[in-house]
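Here is the structure we will look at, set down as structure tokens.
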Amino acid sequence: MALELNEVARFIKAQAPFSDLESSATEYFIKSLEAVYLTPENQNQWLNSNAPCLFLIRSGLYDILDSSGEVVARLSEGDYFGYPSLLTGEPISNRLEVQNEGIVYLLSQTHWDYLREHYKAFAQHFVRAHANRLLSVNYKKRSDDWSSKRISEIMKQGAVTAGPETKISDAAKTMSQFGVSSLMITENNKLVGVITDRDLRNRVLAEGRSPNDVVATIMTTKPKHVFEHNRVFSAFHLMLKQNIHHLPVLDESHQPLGMITATDLLRQQKSDPVQLIGRIYKAESVADIKRYALEVPELLRGFSDRVEDTSLIGKLLSGITDAMTTRLIQLFQTQNGAAPTPFSWICFGSQAREEQTLHSDQDNGLLLPDNLSQTELDYFKALGEFVCDNLIACGIKECPGGIMASRDACRMGLSAWLNQFGSWIKSPSPQAILNCKIFFDIRFVDGSESLFEAFSKGILATTKNQIFFASMATDINTNSVPIGLFNQFKLEKDKQKHTYIDLKKRGVAIINDIVRLYALHHNVTAANTLERLSALSKQQQVSKKDIYDLKDCWRYLTQLRLNVQLQQKGLPANCIDPEDLTSLERHQLKEAFYLIKQAQQAAAFKFARGSL
């Protein structure tokens, strides 16, 4: 079909990113286009691997379908597609389906390559689009692994509820009517408790309680729960840790959606990680825990091949560390008697963020009540040393900075901990900022939840300090991404003259720092980086594009980092040689660093200049 150049030029100049091209590039682009009229009859001849093209839609409506027939995109005027195969050289796996006939402009591989080579802005746009939206070279294809599913995917029945003033006999009838083994007790459509068939046996029949009593007298109050978007893995881990068999599921507004049971999850289970965590929680001795710990590296290799979301790897490793810690605390109390006072075992850093890797070390502490006796302090010192020493024996390395509950400085009363945090915030010296990077990623592991809640509220109350936020933002910008002049990688060298990029220090850690800063400023209590970003998105405090970019960069770098650790190529931990990457992967890595640099600059502008 012959092209009317003036008409095409008007259309092209109205479409991003082509509207931003230099005039010479725009002219070349327009003259190189071919126009085709797509219909259901000829649709199959155009999208094929023998002649990949960039497609720009002038008119009509089209669906892009994956190999399973699922619609992955619906495209109309101004949309474009086909560039992943042009970038990667990989075969085209999707197919085109015409919904409404129309005109589509085609740019051949030859002309595409010329524009990429001679016009940097053209090349950068499509590399960035591929890196930010797909990261297809690095993401796993979606598998059927049960543990990576969302809770909502396995729920089969809606919420079966009753009010707290419901008679026990009526509650039992409701359970029988719906064929369920538990009831969610709600008040004003909010979850306030749970009763199970075991409660009917143990708290009613065994105690001779009247069936006319209300369920509030036998229910479990403040039950553990999960949200519909949580992973099945997280739900199973929570059940194992708390030894519970019924777990309420809530939506984002904390409205009850339903209940999942241990039977539901066991029916799904096909994976070893949760089995290993279950064995750790039931370990009879420290020797058993050490033996189970030896299975982790090989387990991780198999598990990483079956999951699409690489953040699940960090949750798995952190879950294993949690299980080891909890069981060691229990074994200590079996041998030395129950703790003399409430306590909270807390973790910091990567374990708190649930982002551990095979090279992560310990970052933990003991939160204690104030004014303990020397005898009580001695008990918790022994507990801290027992757990930390045995975690080292299980492969969780000693913290180089001594952030472990075996040290006096990480085993303090509530007031002492809060005073420590307050001093860092009021006087944000370089060392104080360094401490904040670790200690402000906090998560409860075992012990008294109420003590930890008091601690968390106290910390939130101390963070309202503009100088503190400005100092954190300034510090973030002292760690530069490894891109130098002419968009070239800035490489480091080890003693063996190996060149490399430290993915943790120069990439992942910067993202973590940026996200932590925004989370602290906006009172986001989550510790996990992706969960913090999701919370910030809901608060509309950071643009959706920036959040999407940071999430993709974090996932991309985390995937590369995991690959490095599993391949063990002799480089320092968390490091990669760019020469081991494909050309496209190097482009994607540069784009990730470019986006991180932009986020650094944005944080400095917002916080360091005091524009809060």
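The way I read the labels, and the way they are meant: chains A, B, ... in the order of the structure tokens, residue 1 as the first residue of every chain, and ligand 1 as the first ligand shown, with later ones counted on from there.
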For this session: Considering only C-alpha atoms, return as an MDAnalysis selection string whatever protein or nucleic-acid residues lie within 9 Å of Pro273 (chain A), sequence-local ones (same chain, fewer than 4 positions apart) excluded.
Result: chainID A and resid 147 233 277:278 296 299:300 303 316 320
For this session: Name all residues at most 10 Å from Phe469 (chain A) (count only C-alpha atoms; drop same-chain ones fewer than 2 positions away) and give them as a PyMOL selection string.
Result: chain A and resi 425+428+433+463-467+471-475+517-518+520-521+603-604+606-608+610+612
Exercise. Quick one: distance from CA of Met175 (chain A) to CA of Leu247 (chain A) in Å, one decimal?
Worked result: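 So the two atoms, CA of Met175 (chain A) and CA of Leu247 (chain A), lie 15.8 Å apart.
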Exercise. How would you write, as a PyMOL selection string, the set of residues in region 298-516 of chain A that DSSP gives as alpha helix (DSSP H)?
Worked result: chain A and resi 298-304+311-336+349-353+374-393+414-426+430-439+449-462+466-476+503+509-516
Taking the backbone alone, and naming residues the way the document does, which bits of region 94-311 of chain A are strand (DSSP E) by DSSP, as a compact mmCIF listing (two decimals) with C-alpha atoms, in the first residue's frame?
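Below you can see selection_24.txt, which holds the result:
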# COMPACT_ATOMS: atom_id res chain seq x y z
CA ARG A 95 0.08 -14.56 17.67
CA LEU A 96 -2.12 -11.80 16.32
CA GLU A 97 -5.91 -11.79 16.22
CA VAL A 98 -7.79 -9.07 14.37
CA GLN A 99 -10.89 -7.78 16.17
CA ASN A 100 -11.53 -4.80 13.88
CA GLY A 102 -7.44 -1.63 9.95
CA ILE A 103 -4.12 -0.22 8.75
CA VAL A 104 -0.84 -1.14 10.44
CA TYR A 105 2.58 0.35 9.61
CA LEU A 106 5.56 -2.06 9.50
CA LEU A 107 9.23 -1.26 10.01
CA SER A 108 11.58 -4.04 8.89
CA THR A 161 -19.63 -15.99 59.46
CA ALA A 162 -21.53 -15.53 62.68
CA SER A 182 -14.62 -23.36 61.21
CA LEU A 183 -16.52 -20.08 61.46
CA MET A 184 -15.29 -16.52 61.13
CA ILE A 185 -16.78 -14.45 63.96
CA THR A 186 -17.43 -10.90 62.77
CA GLU A 187 -18.72 -7.67 64.23
CA LYS A 190 -14.75 -6.98 60.80
CA LEU A 191 -13.07 -10.19 61.97
CA VAL A 192 -13.00 -10.46 65.77
CA GLY A 193 -12.53 -14.20 66.27
CA VAL A 194 -12.60 -17.76 64.97
CA ILE A 195 -14.17 -20.99 66.23
CA THR A 196 -13.37 -24.45 64.91
CA THR A 220 -10.06 -17.47 69.56
CA THR A 221 -9.76 -13.68 69.63
CA VAL A 226 -3.65 -13.41 55.64
CA PHE A 227 -4.76 -11.22 52.77
CA HIS A 246 -7.54 -22.56 59.95
CA LEU A 247 -6.48 -19.19 58.55
CA PRO A 248 -8.96 -16.38 57.78
CA VAL A 249 -8.50 -14.53 54.48
CA LEU A 250 -9.27 -10.80 54.32
CA PRO A 256 -13.58 -11.28 55.57
CA LEU A 257 -13.42 -13.24 52.31
CA GLY A 258 -13.13 -16.83 53.47
CA MET A 259 -11.04 -19.41 55.26
CA ILE A 260 -8.23 -21.64 54.10
CA THR A 261 -7.28 -24.75 56.00
For this session: For region 61-65 of chain A, please output as a PyMOL selection string all residues within 12 Å (counting only C-alpha atoms; exclusion window: fewer than 3 positions along the same chain).
Result: chain A and resi 37-40+43-44+47+55-58+68-82+92-104
For the residues in that selection, give me C-alpha atoms as a JSON list (two decimals), in the first residue's frame.
[["chain", "number", "residue", "atom", "x", "y", "z"],
["A", 37, "TYR", "CA", -4.40, -3.65, 5.79],
["A", 38, "LEU", "CA", -4.92, -6.38, 8.39],
["A", 39, "THR", "CA", -7.97, -8.64, 8.27],
["A", 40, "PRO", "CA", -8.84, -11.97, 9.92],
["A", 43, "GLN", "CA", -3.50, -11.84, 10.04],
["A", 44, "ASN", "CA", -1.37, -14.98, 10.30],
["A", 47, "LEU", "CA", 3.52, -11.95, 12.79],
["A", 55, "PHE", "CA", 4.24, -2.80, 14.08],
["A", 56, "LEU", "CA", 2.60, 0.61, 14.63],
["A", 57, "ILE", "CA", -1.21, 0.66, 14.57],
["A", 58, "ARG", "CA", -2.89, 3.38, 12.52],
["A", 68, "SER", "CA", -1.84, -20.84, 25.42],
["A", 69, "GLY", "CA", -4.37, -18.58, 23.70],
["A", 70, "GLU", "CA", -4.62, -16.08, 26.55],
["A", 71, "VAL", "CA", -4.96, -12.43, 25.56],
["A", 72, "VAL", "CA", -1.89, -10.58, 26.84],
["A", 73, "ALA", "CA", -2.64, -7.20, 25.23],
["A", 74, "ARG", "CA", -5.40, -5.41, 23.30],
["A", 75, "LEU", "CA", -3.99, -2.77, 20.98],
["A", 76, "SER", "CA", -5.47, 0.12, 19.02],
["A", 77, "GLU", "CA", -4.44, 3.36, 17.30],
["A", 78, "GLY", "CA", -0.99, 4.57, 18.34],
["A", 79, "ASP", "CA", 0.06, 1.30, 20.01],
["A", 80, "TYR", "CA", 3.06, -0.66, 18.79],
["A", 81, "PHE", "CA", 4.33, -4.22, 19.18],
["A", 82, "GLY", "CA", 6.91, -6.67, 17.83],
["A", 92, "ILE", "CA", 8.03, -14.89, 17.98],
["A", 93, "SER", "CA", 5.85, -16.94, 20.33],
["A", 94, "ASN", "CA", 2.72, -14.78, 20.36],
["A", 95, "ARG", "CA", 0.08, -14.56, 17.67],
["A", 96, "LEU", "CA", -2.12, -11.80, 16.32],
["A", 97, "GLU", "CA", -5.91, -11.79, 16.22],
["A", 98, "VAL", "CA", -7.79, -9.07, 14.37],
["A", 99, "GLN", "CA", -10.89, -7.78, 16.17],
["A", 100, "ASN", "CA", -11.53, -4.80, 13.88],
["A", 101, "GLU", "CA", -9.80, -4.53, 10.51],
["A", 102, "GLY", "CA", -7.44, -1.63, 9.95],
["A", 103, "ILE", "CA", -4.12, -0.22, 8.75],
["A", 104, "VAL", "CA", -0.84, -1.14, 10.44]]
List the neighbours of Tyr594 (chain A) out to 10 Å using only C-alpha atoms; skip same-chain residues closer than 6 positions along the sequence, and give me the result as a PDB file with N, CA and C atoms, in the first residue's frame.
ATOM      1  N   ARG A 128      14.490   0.311  27.100  1.00  0.00           N
ATOM      2  CA  ARG A 128      13.884   0.609  28.401  1.00  0.00           C
ATOM      3  C   ARG A 128      12.481   0.018  28.506  1.00  0.00           C
ATOM      4  N   VAL A 481      25.702   4.691  41.090  1.00  0.00           N
ATOM      5  CA  VAL A 481      25.526   3.523  40.233  1.00  0.00           C
ATOM      6  C   VAL A 481      26.763   3.382  39.352  1.00  0.00           C
ATOM      7  N   PRO A 482      27.067   2.169  38.896  1.00  0.00           N
ATOM      8  CA  PRO A 482      28.332   1.934  38.178  1.00  0.00           C
ATOM      9  C   PRO A 482      28.265   2.240  36.680  1.00  0.00           C
ATOM     10  N   ILE A 483      27.832   3.467  36.345  1.00  0.00           N
ATOM     11  CA  ILE A 483      27.800   3.896  34.949  1.00  0.00           C
ATOM     12  C   ILE A 483      28.612   5.178  34.850  1.00  0.00           C
ATOM     13  N   ASN A 487      28.136   6.278  28.852  1.00  0.00           N
ATOM     14  CA  ASN A 487      27.226   5.188  29.223  1.00  0.00           C
ATOM     15  C   ASN A 487      27.946   3.839  29.343  1.00  0.00           C
ATOM     16  N   CYS A 553      13.256  -2.813  38.500  1.00  0.00           N
ATOM     17  CA  CYS A 553      14.711  -2.779  38.697  1.00  0.00           C
ATOM     18  C   CYS A 553      15.113  -3.715  39.832  1.00  0.00           C
ATOM     19  N   GLN A 588      19.817  -3.843  29.377  1.00  0.00           N
ATOM     20  CA  GLN A 588      18.824  -3.815  30.450  1.00  0.00           C
ATOM     21  C   GLN A 588      19.464  -3.414  31.778  1.00  0.00           C
ATOM     22  N   GLN A 600      17.403   8.226  42.761  1.00  0.00           N
ATOM     23  CA  GLN A 600      18.299   8.867  43.727  1.00  0.00           C
ATOM     24  C   GLN A 600      18.164  10.390  43.666  1.00  0.00           C
TER      25      GLN A 600
END
Problem set entry | Between CA of Ile280 (chain A) and CA of Thr357 (chain A), distance in Å (one decimal) | 18.7 Å
Exercise. Pick the closest to Leu54 (chain A) from A:Lys13, A:Asn42, A:Cys347, A:Trp112: which is it, counting only C-alpha atoms?
Worked result: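 The closest residue to Leu54 (chain A) is A:Trp112.
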Exercise. Mind pulling up the distance from CA of Val564 (chain A) to CA of Glu295 (chain A)?
Worked result: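 Atom-to-atom, CA of Glu295 (chain A) and CA of Val564 (chain A) are spaced 19.3 Å apart.
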For this session: Name all residues at most 7 Å from region 570-580 of chain A (count only C-alpha atoms; drop same-chain ones fewer than 6 positions away) and give them as a ChimeraX atom specification.
Result: /A:499-504,561,564,586
